[in-house]
Amino acid sequence: MRILIVTDIEGVAGVVHPDQTREGHAEHEKARRWMTCEANAAVGGAFDGGATEVWVADSHGGYRNLLPDELDARARLISGKPRSLGMMGGLSAEFGAAMLVGFHARGEARGVLAHTINSAAFARLWLNGSELGEAGLYGALAGEMGVPVIMASGDDVFVAETRPLFPHCVFAATKEAVGRHSAISLSPEASRAAIRAAARQAMSVIHSAEPLSMQGPIQARLQARTPAHADLFCQWPALDRVDGVTLQFCAASVEHAVRMINCLSAMAAALR
């Protein structure tokens, strides 16, 4: 059984401030080590539960956070960008399930460092009328390939908003959100223990877990951070302007929607 573990950093225990998530900051060096250890906890739990192969996707920022020489030697690492499937890089129908480690709540939520894809460019996102964060967006992408999400970790706000999307998923809450930049967190050691236990338990629900299904064509609606971002994005002829900050487009599949959204995120760099 091959498992894909997708890792982000904002939901990692002890991470509460943007400096901890940005390459080049001293605090990022500590946070990326905590991130690697939480990834290892999930890898260990997956193997404990019967996985035969585990791939780990580094899926925060520039996708170059995890420390390869400290990653569980049994795992294969996916890193670097661009990747056509973004955070789910490496995914295929050959995987039995996906696990999401270190995730955060969607944009405009009250969770720690909550955002959707690109906090400087996007505020909110809907697919086929459902508002989604990164877990929902990429969970739908996995679902399109028949791959269920069976385990996820992050703060309590992330857990509450994500649980309805994946009713069979096993969750590990790493911290309680107090504010956007504050939390009551588990210790790194306690968080890793919770993640390993959740990953091990999740392996037992693979055969009953249902992939998140979203039928195409996909109607995507995106609220940009500013009118200037909407101006920029709507240079792309496939996008229609709804109002000052809202745009929409139609995609043949969730994969195509994800690829378009990630292209818009890359375009946003032109306004920095």
# chains A, B, ... in the order shown; residues from 1 in each chain; ligands from 1
call {"tool": "residues_around", "arguments": {"residues": "Gln248 in chain A", "least_positions_apart": "6", "cutoff": "10 Å", "atoms": "only C-alpha atoms", "output": "PDB file with C-alpha atoms, in the first residue's frame"}}
result
ATOM      1  CA  LEU A 125     -11.996  30.284  -2.904  1.00  0.00           C
ATOM      2  CA  TRP A 126     -15.052  28.294  -3.982  1.00  0.00           C
ATOM      3  CA  LEU A 127     -15.366  25.240  -6.227  1.00  0.00           C
ATOM      4  CA  GLN A 219     -17.105  26.335 -11.544  1.00  0.00           C
ATOM      5  CA  ALA A 220     -14.352  28.189  -9.668  1.00  0.00           C
ATOM      6  CA  ARG A 221     -14.906  31.497  -7.899  1.00  0.00           C
ATOM      7  CA  LEU A 222     -11.995  33.401  -6.398  1.00  0.00           C
ATOM      8  CA  GLN A 223     -11.894  36.490  -4.206  1.00  0.00           C
ATOM      9  CA  CYS A 234      -8.390  39.031 -15.496  1.00  0.00           C
ATOM     10  CA  ALA A 238     -10.540  32.535 -19.426  1.00  0.00           C
ATOM     11  CA  LEU A 239     -11.453  34.582 -16.328  1.00  0.00           C
ATOM     12  CA  ASP A 240     -14.566  36.718 -15.888  1.00  0.00           C
ATOM     13  CA  ARG A 241     -14.737  39.656 -13.485  1.00  0.00           C
ATOM     14  CA  VAL A 242     -17.693  39.526 -11.075  1.00  0.00           C
TER      15      VAL A 242
END
call {"tool": "residues_around", "arguments": {"residues": "Ala251 in chain A", "least_positions_apart": "6", "cutoff": "6 Å", "atoms": "only C-alpha atoms", "output": "ChimeraX atom specification"}}
result
/A:217-218,257
call {"tool": "write_last_selection", "arguments": {"atoms": "C-alpha atoms", "output": "PDB file, in the first residue's frame"}}
result
ATOM      1  CA  PRO A 217     -16.981  20.836 -15.110  1.00  0.00           C
ATOM      2  CA  ILE A 218     -15.748  22.856 -12.143  1.00  0.00           C
ATOM      3  CA  ALA A 257      -8.762  24.304 -11.643  1.00  0.00           C
TER       4      ALA A 257
END
call {"tool": "residues_around", "arguments": {"residues": "range 28-38 of chain A", "least_positions_apart": "4", "cutoff": "6 Å", "atoms": "only C-alpha atoms", "output": "PDB file with C-alpha atoms, in the first residue's frame"}}
result
ATOM      1  CA  GLN A  20       8.759  30.862  11.244  1.00  0.00           C
ATOM      2  CA  THR A  21       7.413  30.020   7.791  1.00  0.00           C
ATOM      3  CA  ARG A  22       9.722  32.136   5.605  1.00  0.00           C
ATOM      4  CA  ASN A  65      11.649  23.025   3.715  1.00  0.00           C
ATOM      5  CA  LEU A  66      12.035  19.424   4.811  1.00  0.00           C
ATOM      6  CA  ARG A 192       4.606  13.908  17.031  1.00  0.00           C
TER       7      ARG A 192
END
call {"tool": "closest_atom_pairs", "arguments": {"of": "range 197-271 of chain A", "to": "range 160-180 of chain A", "cutoff": "10 Å", "atoms": "only C-alpha atoms", "output": "tab-separated table"}}
result
residue	atom	partner	partner_atom	distance
A:Ala197	CA	A:Ala172	CA	8.6
A:Ala198	CA	A:Val170	CA	5.9
A:Ala199	CA	A:Val170	CA	7.5
A:Arg200	CA	A:Val170	CA	9.5
A:Gln201	CA	A:Val170	CA	7.3
A:Ala202	CA	A:Val170	CA	5.7
A:Met203	CA	A:Val170	CA	9.4
A:Val205	CA	A:His168	CA	7.0
A:Ile206	CA	A:His168	CA	8.7
A:Ser208	CA	A:His168	CA	7.6
A:Ala209	CA	A:His168	CA	5.3
A:Glu210	CA	A:His168	CA	7.4
A:Pro211	CA	A:Phe166	CA	7.9
A:Leu212	CA	A:Leu165	CA	7.0
A:Ser213	CA	A:Leu165	CA	9.8
call {"tool": "residues_around", "arguments": {"residues": "Arg106 in chain A", "least_positions_apart": "2", "cutoff": "12 Å", "atoms": "only C-alpha atoms", "output": "MDAnalysis selection string"}}
result
chainID A and resid 10:11 103:104 108:119 122:126 131:137 154:155 157:162 180
call {"tool": "select_by_dssp", "arguments": {"residues": "range 105-163 of chain A", "states": "alpha helix (DSSP H)", "output": "list of chain:residue names"}}
result
A:Glu134, A:Ala135, A:Gly136, A:Leu137, A:Tyr138, A:Gly139, A:Ala140, A:Leu141, A:Ala142, A:Gly143, A:Glu144, A:Asp156, A:Val157, A:Phe158, A:Val159, A:Ala160, A:Glu161, A:Thr162
call {"tool": "atom_distance", "arguments": {"atom1": "CA of Ala140 in chain A", "atom2": "CA of Gly102 in chain A"}}
result
18.1 Å
call {"tool": "closest_atom_pairs", "arguments": {"of": "range 68-185 of chain A", "to": "range 39-42 of chain A", "cutoff": "10 Å", "atoms": "only C-alpha atoms", "output": "CSV"}}
result
residue,atom,partner,partner_atom,distance
A:Glu70,CA,A:Asn40,CA,8.6
A:Leu71,CA,A:Asn40,CA,6.2
A:Asp72,CA,A:Asn40,CA,5.6
A:Ala73,CA,A:Asn40,CA,9.4
A:Arg74,CA,A:Asn40,CA,9.8
A:Ala75,CA,A:Asn40,CA,8.6
A:Met99,CA,A:Ala42,CA,8.0
A:Leu100,CA,A:Ala42,CA,9.1
A:Val101,CA,A:Ala39,CA,6.7
A:Gly102,CA,A:Ala39,CA,8.4
A:Met151,CA,A:Ala42,CA,9.0
A:Ala152,CA,A:Ala42,CA,9.5
A:Ser153,CA,A:Ala42,CA,9.6
call {"tool": "closest_residue", "arguments": {"among": "A:Gly24, A:Pro18, A:Gly146, A:Pro82", "to": "Cys263 in chain A", "atoms": "only C-alpha atoms"}}
result
A:Pro82
call {"tool": "decode", "arguments": {"residues": "range 31-108 of chain A", "atoms": "C-alpha atoms", "output": "mmCIF file, in the first residue's frame"}}
result
data_model
loop_
_atom_site.group_PDB
_atom_site.id
_atom_site.type_symbol
_atom_site.label_atom_id
_atom_site.label_comp_id
_atom_site.auth_asym_id
_atom_site.auth_seq_id
_atom_site.Cartn_x
_atom_site.Cartn_y
_atom_site.Cartn_z
ATOM 1 C CA ALA A 31 10.323 25.331 12.295
ATOM 2 C CA ARG A 32 11.480 23.280 9.310
ATOM 3 C CA ARG A 33 13.077 20.813 11.711
ATOM 4 C CA TRP A 34 9.792 20.528 13.636
ATOM 5 C CA MET A 35 8.049 20.086 10.274
ATOM 6 C CA THR A 36 10.449 17.287 9.322
ATOM 7 C CA CYS A 37 9.883 15.552 12.658
ATOM 8 C CA GLU A 38 6.095 15.712 12.234
ATOM 9 C CA ALA A 39 6.482 14.278 8.722
ATOM 10 C CA ASN A 40 8.571 11.465 10.211
ATOM 11 C CA ALA A 41 5.870 10.822 12.797
ATOM 12 C CA ALA A 42 3.310 10.350 10.031
ATOM 13 C CA VAL A 43 5.705 8.148 8.064
ATOM 14 C CA GLY A 44 6.255 5.999 11.138
ATOM 15 C CA GLY A 45 2.534 5.725 11.814
ATOM 16 C CA ALA A 46 1.792 4.792 8.208
ATOM 17 C CA PHE A 47 4.363 1.996 8.291
ATOM 18 C CA ASP A 48 3.115 0.907 11.729
ATOM 19 C CA GLY A 49 -0.336 0.561 10.183
ATOM 20 C CA GLY A 50 0.768 -1.550 7.245
ATOM 21 C CA ALA A 51 1.967 0.822 4.520
ATOM 22 C CA THR A 52 4.537 -0.739 2.207
ATOM 23 C CA GLU A 53 5.714 2.491 0.592
ATOM 24 C CA VAL A 54 5.489 6.134 1.742
ATOM 25 C CA TRP A 55 6.188 9.272 -0.282
ATOM 26 C CA VAL A 56 6.449 12.679 1.398
ATOM 27 C CA ALA A 57 5.652 15.874 -0.513
ATOM 28 C CA ASP A 58 7.256 19.084 0.774
ATOM 29 C CA SER A 59 4.417 21.493 0.029
ATOM 30 C CA HIS A 60 5.074 24.776 1.803
ATOM 31 C CA GLY A 61 6.318 27.957 0.120
ATOM 32 C CA GLY A 62 9.100 27.076 -2.291
ATOM 33 C CA TYR A 63 8.620 23.354 -1.491
ATOM 34 C CA ARG A 64 12.157 23.181 -0.058
ATOM 35 C CA ASN A 65 11.649 23.025 3.715
ATOM 36 C CA LEU A 66 12.035 19.424 4.811
ATOM 37 C CA LEU A 67 15.517 18.319 5.805
ATOM 38 C CA PRO A 68 16.361 15.342 3.563
ATOM 39 C CA ASP A 69 19.116 14.031 5.808
ATOM 40 C CA GLU A 70 16.727 13.958 8.774
ATOM 41 C CA LEU A 71 13.767 12.390 6.963
ATOM 42 C CA ASP A 72 12.872 8.771 7.745
ATOM 43 C CA ALA A 73 15.131 6.722 5.468
ATOM 44 C CA ARG A 74 12.211 4.550 4.374
ATOM 45 C CA ALA A 75 10.392 7.498 2.769
ATOM 46 C CA ARG A 76 10.791 9.052 -0.682
ATOM 47 C CA LEU A 77 10.882 12.863 -0.792
ATOM 48 C CA ILE A 78 9.128 15.078 -3.344
ATOM 49 C CA SER A 79 10.444 18.645 -3.265
ATOM 50 C CA GLY A 80 10.914 21.717 -5.439
ATOM 51 C CA LYS A 81 8.602 23.600 -7.783
ATOM 52 C CA PRO A 82 6.867 24.130 -10.118
ATOM 53 C CA ARG A 83 4.849 20.927 -9.924
ATOM 54 C CA SER A 84 1.771 20.470 -12.098
ATOM 55 C CA LEU A 85 -0.227 19.125 -9.146
ATOM 56 C CA GLY A 86 1.098 21.718 -6.696
ATOM 57 C CA MET A 87 0.957 20.545 -3.098
ATOM 58 C CA MET A 88 -0.115 17.067 -4.248
ATOM 59 C CA GLY A 89 2.938 16.656 -6.468
ATOM 60 C CA GLY A 90 3.639 12.988 -7.148
ATOM 61 C CA LEU A 91 0.055 11.873 -6.633
ATOM 62 C CA SER A 92 -1.436 9.240 -8.918
ATOM 63 C CA ALA A 93 -4.188 6.637 -8.811
ATOM 64 C CA GLU A 94 -1.541 4.150 -7.638
ATOM 65 C CA PHE A 95 -1.677 5.598 -4.112
ATOM 66 C CA GLY A 96 -3.969 4.022 -1.569
ATOM 67 C CA ALA A 97 -4.504 7.190 0.450
ATOM 68 C CA ALA A 98 -3.168 10.636 1.345
ATOM 69 C CA MET A 99 -2.322 12.198 4.695
ATOM 70 C CA LEU A 100 -2.096 15.949 5.343
ATOM 71 C CA VAL A 101 0.419 17.044 7.984
ATOM 72 C CA GLY A 102 0.888 20.578 9.333
ATOM 73 C CA PHE A 103 -2.127 22.077 7.545
ATOM 74 C CA HIS A 104 -4.004 25.278 8.413
ATOM 75 C CA ALA A 105 -7.478 26.778 8.143
ATOM 76 C CA ARG A 106 -8.725 28.491 4.988
ATOM 77 C CA GLY A 107 -8.388 32.182 4.204
ATOM 78 C CA GLU A 108 -10.354 34.630 6.398
#
